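I have placed the structure first, in the form of structure tokens, so that the comments after it can refer back to it.
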2 protein chains.
Amino acid sequence: MKRILIARSAGFCFGVKRAISIANETAGKAEGGTAETAALPIHSLGPLIHNPQTVEELEKKGVRVVESVDDIPCGKVIVRSHGITRRDGEALAAKGVKIIDATCPFVKKAQEHARSLSREGYAVIVVGDANHPEVKSIISYIGGGVPILTSLSDLRDASGIRKAGIVAQTTQSFENLMEFVSVALKIIPEVRVYNTICHATVLRQKESVAVAREADVMVVLGGYNSANTRRLAEICREFNPRTRHIETAAELSPEVLTGVSCVGVTAGASTPEWIIEELVGRIRSIWKEEKIQVAYYQ
Amino acid sequence: MKRILIARSAGFCFGVKRAISIANETAGKAEGGTAETAALPIHSLGPLIHNPQTVEELEKKGVRVVESVDDIPCGKVIVRSHGITRRDGEALAAKGVKIIDATCPFVKKAQEHARSLSREGYAVIVVGDANHPEVKSIISYIGGGVPILTSLSDLRDASGIRKAGIVAQTTQSFENLMEFVSVALKIIPEVRVYNTICHATVLRQKESVAVAREADVMVVLGGYNSANTRRLAEICREFNPRTRHIETAAELSPEVLTGVSCVGVTAGASTPEWIIEELVGRIRSIWKEEKIQVAYYQ
């Protein structure tokens with residue numbers, strides 16, 4: 001019997017679910033509100049989550065995606081789960097824009113640790129993609145006067161640092177965090193590490209690897225612009241070279257399933273459940289077999 | 001040409017050199033002092049260093065090794081480089097015994113970090129051999145009310161700890177420290193690490209491995225009761241299965257050198273230079289060849 005094996009923790013994480021429900025609530029209030037509040041435009045600074053399909057749905061409900069603070073003259077702004085930089089927050093507040101904060105609580109924690117470390121005079125090492133909005137938001141909370149390091153090469157070149165604190169982008173892999181810790185401990189006498197990696201990420205990666213090992217073909221669902229989905233695909237590929245990263249079910253070409261008896265499925269933190277369901281439907285329609293077992297790995 | 005390749009950092013470290021010079025100075029003062037001060041017995045609480053030959057020399061100068069604080073009714077006591085427990089220090093002070101502190105400054109630092117971590121409410125993880133006097137002395141500085149963990153299994157069983165600090169016995173390997181850090185970071189949100197591993201130890205291990213890789217036979221010199229020497233032998237054995245841990249040159253049997261063209265030599269932190277020189281002499285006498293190159297690896 002052919003099998004579809006799905007990682008139980010695939011898809012939306014706590015922070016994303018929370019951000020979407022805050023966005024829906026805000027849009028709902030606008031619809032049902034007074035003429036005055038309904039007229040206030042609702043913005044999202046950058047796409048609310050890295051999933052075009054979900055963003056489109058929210059747009060239909062009146063949530064406009066803008067790229068910069070300059071594009072928000074008034075109204076409301078939903079701060080997405082990645083958070084925003086301190087400077088953007090201040091600029092919005094100065095304009096009188098109402099901020100609806102959907103920053104993931106785990107990201108908030110990383111921001112707070114970064115801030116308090118710098119206040120105590122620690123150099124701050126941020127393990128993550130320096131261009132990712134989450135990392136930018138974390139960095140923006142680091143006070144002046146302490147070194148900020150975001151890459152292993154920065155770290156290796158650093159000298160004279162007596163104490164450093166490490167925080168991680170919530171979707172980083174534990175191995176990557178440990179590499180930074182190891183390099184830091186070789187050159188810095190005191191290293192204070194906050195493991196800010198979100199447990200959901202760790203669990204998702206672990207389950208996905210287990211699924212990838214068992215499957216003939218591994219499908220990773222999620223936005224191409226989603227860092228955590230891309231990382232998930234990378235990790236799965238290490239254990240299963242037949243790993244495909246796609247955004248929607250329609251992208252799965254039937255040839256991929258030729259001779260395959262077990263398809264593994266996982267999805268990034270910003271992939272809604274219905275996209276996973278669509279993929280299962282598509283695999284069923286390609287296989288056209290009566291008996292297909294759909295199992296969850298946990 | 002046959003070769004003897006010696007790790008440059010083999011032998012006495014800074015802390016041991018310092019302790020021996022303090023002991024010699026104390027013994028010298030007694031010899032040249034007044035009748036009254038000369039009469040005061042000089043004790044060492046445990047052998048001053050883990051090298052029987054050096055301890056014997058000091059005994060000739062009047063430094064008596066005792067096993068317990070109870071064996072010191074009066075006089076002076078030299079605290080060896082490993083340090084002593086806080087309780088022993090207090091008991092000696094209460095008796096009016098004059099304490100001559102030769103605790104290695106690096107061990108002192110580890111004691112201080114352990115103390116300040118516990119004061120700030122951190123659980124304290126001590127990476128090291130729980131039965132080693134140095135580790136016992138470090139642990140004795142941890143204030144009550146916080147968990148103390150000294151093994152990986154303790155750590156894996158720990159639950160509910162929100163923040164922990166890690167210090168290491170100064171002669172631990174970096175890999176061992178990192179294993180503790182890695183396990184801790186999986187279960188404890190904040191981990192504050194003081195890399196208290198002595199640089200001399202790291203350097204000695206690194207150079208010894210390089211020598212072991214190149215040599216046909218590797219000789220590790222040092223007291224059988226010296227933890228750092230035993231660890232050095234272990235590490236060398238990983239890279240050269242023909243590794244021998246001996247205490248003195250006389251123990252090297254000629255058969256070990258059969259067919260050997262390069263002998264590697266290293267020595268623990270408590271091995272005096274003359275023992276290394278004796279070994280070189282013994283290898284020369286076994287080889288009986290005119291041309292032997294003695295090189296230092298650095």
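Chain lettering (A, B, ...) mirrors the order of the structure tokens, residue numbering begins at 1 for each chain separately, and ligand numbering begins at 1 in order of display.
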* Could you pull out all residues of region 31-234 of chain A with a DSSP call of alpha helix (DSSP H) and give them as JSON, numbers by chain? -> {"A": [31, 32, 35, 36, 37, 38, 39, 52, 53, 54, 55, 56, 57, 58, 59, 60, 86, 87, 88, 89, 90, 91, 92, 93, 94, 95, 105, 106, 107, 108, 109, 110, 111, 112, 113, 114, 115, 116, 117, 118, 119, 133, 134, 135, 136, 137, 138, 139, 140, 152, 153, 154, 155, 156, 157, 174, 175, 176, 177, 178, 179, 180, 181, 182, 183, 184, 185, 186, 187, 199, 200, 201, 202, 203, 204, 205, 206, 207, 208, 209, 210, 211, 212, 213, 214, 227, 228, 229, 230, 231, 232, 233, 234]}
* Would you list the contacts of region 89-106 of chain A as a list in words, taking every protein, DNA or RNA residue within 7 Å and counting only C-alpha atoms, but skipping same-chain residues closer than 6 positions in sequence? =>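 My list of contacting residues is Gly15, Ala19, Ile22, Val69, Cys74, Gly75, Lys76, Val77, Ile78, Val79, Arg80, Ser81, His82, Gly83, Thr170, Thr196 and Cys198 of chain A.
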* Tell me, as number ranges by chain, which residues lie within 12 Å of Val55 (chain B), counting only C-alpha atoms; anything in the same chain fewer than 2 positions away does not count. => B: 19-20, 23-24, 43-53, 57-66, 80, 223, 270-272
If we count only C-alpha atoms, what is near region 209-222 of chain A at a cut-off of 10 Å, once residues fewer than 5 positions away on the same chain are taken out, given as a short mmCIF file (atom, residue, chain, number, x, y, z; two decimals) with C-alpha atoms, in the first residue's frame?
data_model
loop_
_atom_site.label_atom_id
_atom_site.label_comp_id
_atom_site.auth_asym_id
_atom_site.auth_seq_id
_atom_site.Cartn_x
_atom_site.Cartn_y
_atom_site.Cartn_z
CA ARG A 3 1.78 5.89 1.99
CA ILE A 4 1.78 9.60 2.70
CA LEU A 5 3.74 10.32 5.86
CA ILE A 6 3.21 13.78 7.34
CA ALA A 7 5.26 15.39 10.10
CA ARG A 8 2.75 16.06 12.89
CA ALA A 10 4.16 20.61 9.94
CA GLY A 11 2.66 24.03 9.33
CA HIS A 50 5.79 34.35 4.49
CA ASN A 51 2.96 32.65 2.68
CA PRO A 52 1.50 34.43 -0.38
CA LEU A 203 10.35 19.68 16.95
CA ARG A 204 9.39 20.36 13.31
CA ALA A 227 13.63 31.29 5.75
CA ASN A 228 12.43 28.55 8.08
CA THR A 229 10.91 26.57 5.20
CA ARG A 230 14.10 26.87 3.17
CA LEU A 232 13.68 22.80 6.63
CA ALA A 233 14.22 21.77 3.00
CA GLU A 234 17.99 21.97 3.44
CA ILE A 235 17.91 19.76 6.52
CA CYS A 236 15.60 17.21 4.85
CA ARG A 237 17.82 17.12 1.76
CA GLU A 238 20.75 16.01 3.93
CA PHE A 239 18.82 12.85 4.76
CA ASN A 240 16.86 12.47 1.56
CA PRO A 241 18.36 13.79 -1.69
CA ARG A 242 14.90 13.50 -3.35
CA THR A 243 13.61 16.50 -1.41
CA ARG A 244 11.38 19.07 -3.18
CA HIS A 245 10.54 22.52 -1.82
CA ILE A 246 7.26 23.76 -3.36
CA GLU A 247 4.81 26.48 -2.46
CA THR A 248 1.51 24.91 -3.52
CA ALA A 249 0.21 21.45 -4.38
CA LEU A 252 4.07 18.89 -7.73
CA VAL A 256 8.27 13.11 -9.11
CA LEU A 257 6.11 10.27 -7.80
CA THR A 258 7.14 7.69 -10.40
CA GLY A 259 8.09 4.46 -8.65
CA VAL A 260 7.52 6.04 -5.26
CA SER A 261 5.65 4.20 -2.55
CA CYS A 262 6.07 6.61 0.37
CA VAL A 263 5.88 10.41 0.12
CA GLY A 264 7.02 12.39 3.13
CA VAL A 265 5.41 15.76 3.79
CA THR A 266 6.35 18.65 6.01
CA ALA A 267 5.67 22.37 5.95
CA GLY A 268 7.22 25.57 7.27
CA ALA A 269 5.84 27.58 10.18
CA SER A 270 3.95 29.91 7.85
CA THR A 271 2.17 27.26 5.77
CA PRO A 272 -1.58 27.00 6.44
CA ILE A 275 -2.13 23.86 1.62
CA ILE A 276 -1.06 20.58 3.23
CA LEU A 279 -1.09 18.42 -1.46
CA TYR A 296 1.32 11.34 10.92
CA TYR A 297 4.80 11.04 12.33
CA GLN A 298 5.28 12.23 15.87
#
* **Nearest candidate to Glu175 (chain A) (options A:Thr26, A:Ser253, A:Ser118, A:Gln205; using only C-alpha atoms)** => A:Gln205
Determine, using only C-alpha atoms, which residues of chain B have any atom at most 6 Å from an atom of chain A, and tabulate each with its shortest atom pair and distance in Å to one decimal place, rows ordered by chain and then rising number, as a Markdown table.
| residue | atom | partner | partner_atom | distance |
| --- | --- | --- | --- | --- |
| B:Pro189 | CA | A:Asn195 | CA | 5.3 |
| B:Glu190 | CA | A:Tyr194 | CA | 4.6 |
| B:Val191 | CA | A:Val193 | CA | 5.1 |
| B:Arg192 | CA | A:Arg192 | CA | 4.0 |
| B:Val193 | CA | A:Val191 | CA | 5.1 |
| B:Tyr194 | CA | A:Glu190 | CA | 4.5 |
| B:Asn195 | CA | A:Pro189 | CA | 5.3 |
* Asked: Any idea what the distance is between CA of Ser68 (chain A) and CA of Ser173 (chain A)?
  ->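 Separation of CA of Ser68 (chain A) and CA of Ser173 (chain A): 29.4 Å.
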* Asked: Can you list, as a VMD selection string, every protein, DNA or RNA residue that comes within 8 Å of region 125-129 of chain B when you count only C-alpha atoms, leaving out same-chain residues fewer than 2 positions away?
  -> chain B and resid 123 131 to 132 135 138 to 139 148 to 151 164 to 169 172 176 to 177 180
File dump, residues just selected, C-alpha atoms, as a compact mmCIF listing (two decimals), in the first residue's frame:
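Below is the file selection_10.txt, written as the result:
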# COMPACT_ATOMS: atom_id res chain seq x y z
CA ALA B 123 22.26 26.48 39.16
CA ASN B 131 36.42 13.56 43.22
CA HIS B 132 39.31 15.77 42.16
CA VAL B 135 36.57 20.32 41.66
CA ILE B 138 35.29 24.86 43.32
CA ILE B 139 32.09 23.20 44.52
CA ILE B 148 24.85 21.71 41.78
CA LEU B 149 25.42 19.41 38.82
CA THR B 150 28.69 17.65 38.08
CA SER B 151 27.83 14.95 35.57
CA ALA B 164 22.47 27.72 34.92
CA GLY B 165 26.12 28.69 34.96
CA ILE B 166 28.93 26.44 33.82
CA VAL B 167 32.52 26.44 35.03
CA ALA B 168 35.13 23.83 34.19
CA GLN B 169 37.99 22.19 36.00
CA GLN B 172 39.25 19.68 31.19
CA ASN B 176 34.00 17.86 27.22
CA LEU B 177 32.99 21.39 28.19
CA PHE B 180 27.91 19.89 28.82
* To do: Going by DSSP on the backbone, which bits of region 32-115 of chain A are strand (DSSP E or B)? Write them as a PyMOL selection string, please.
  => chain A and resi 42-45+63-66+76-79+98-101
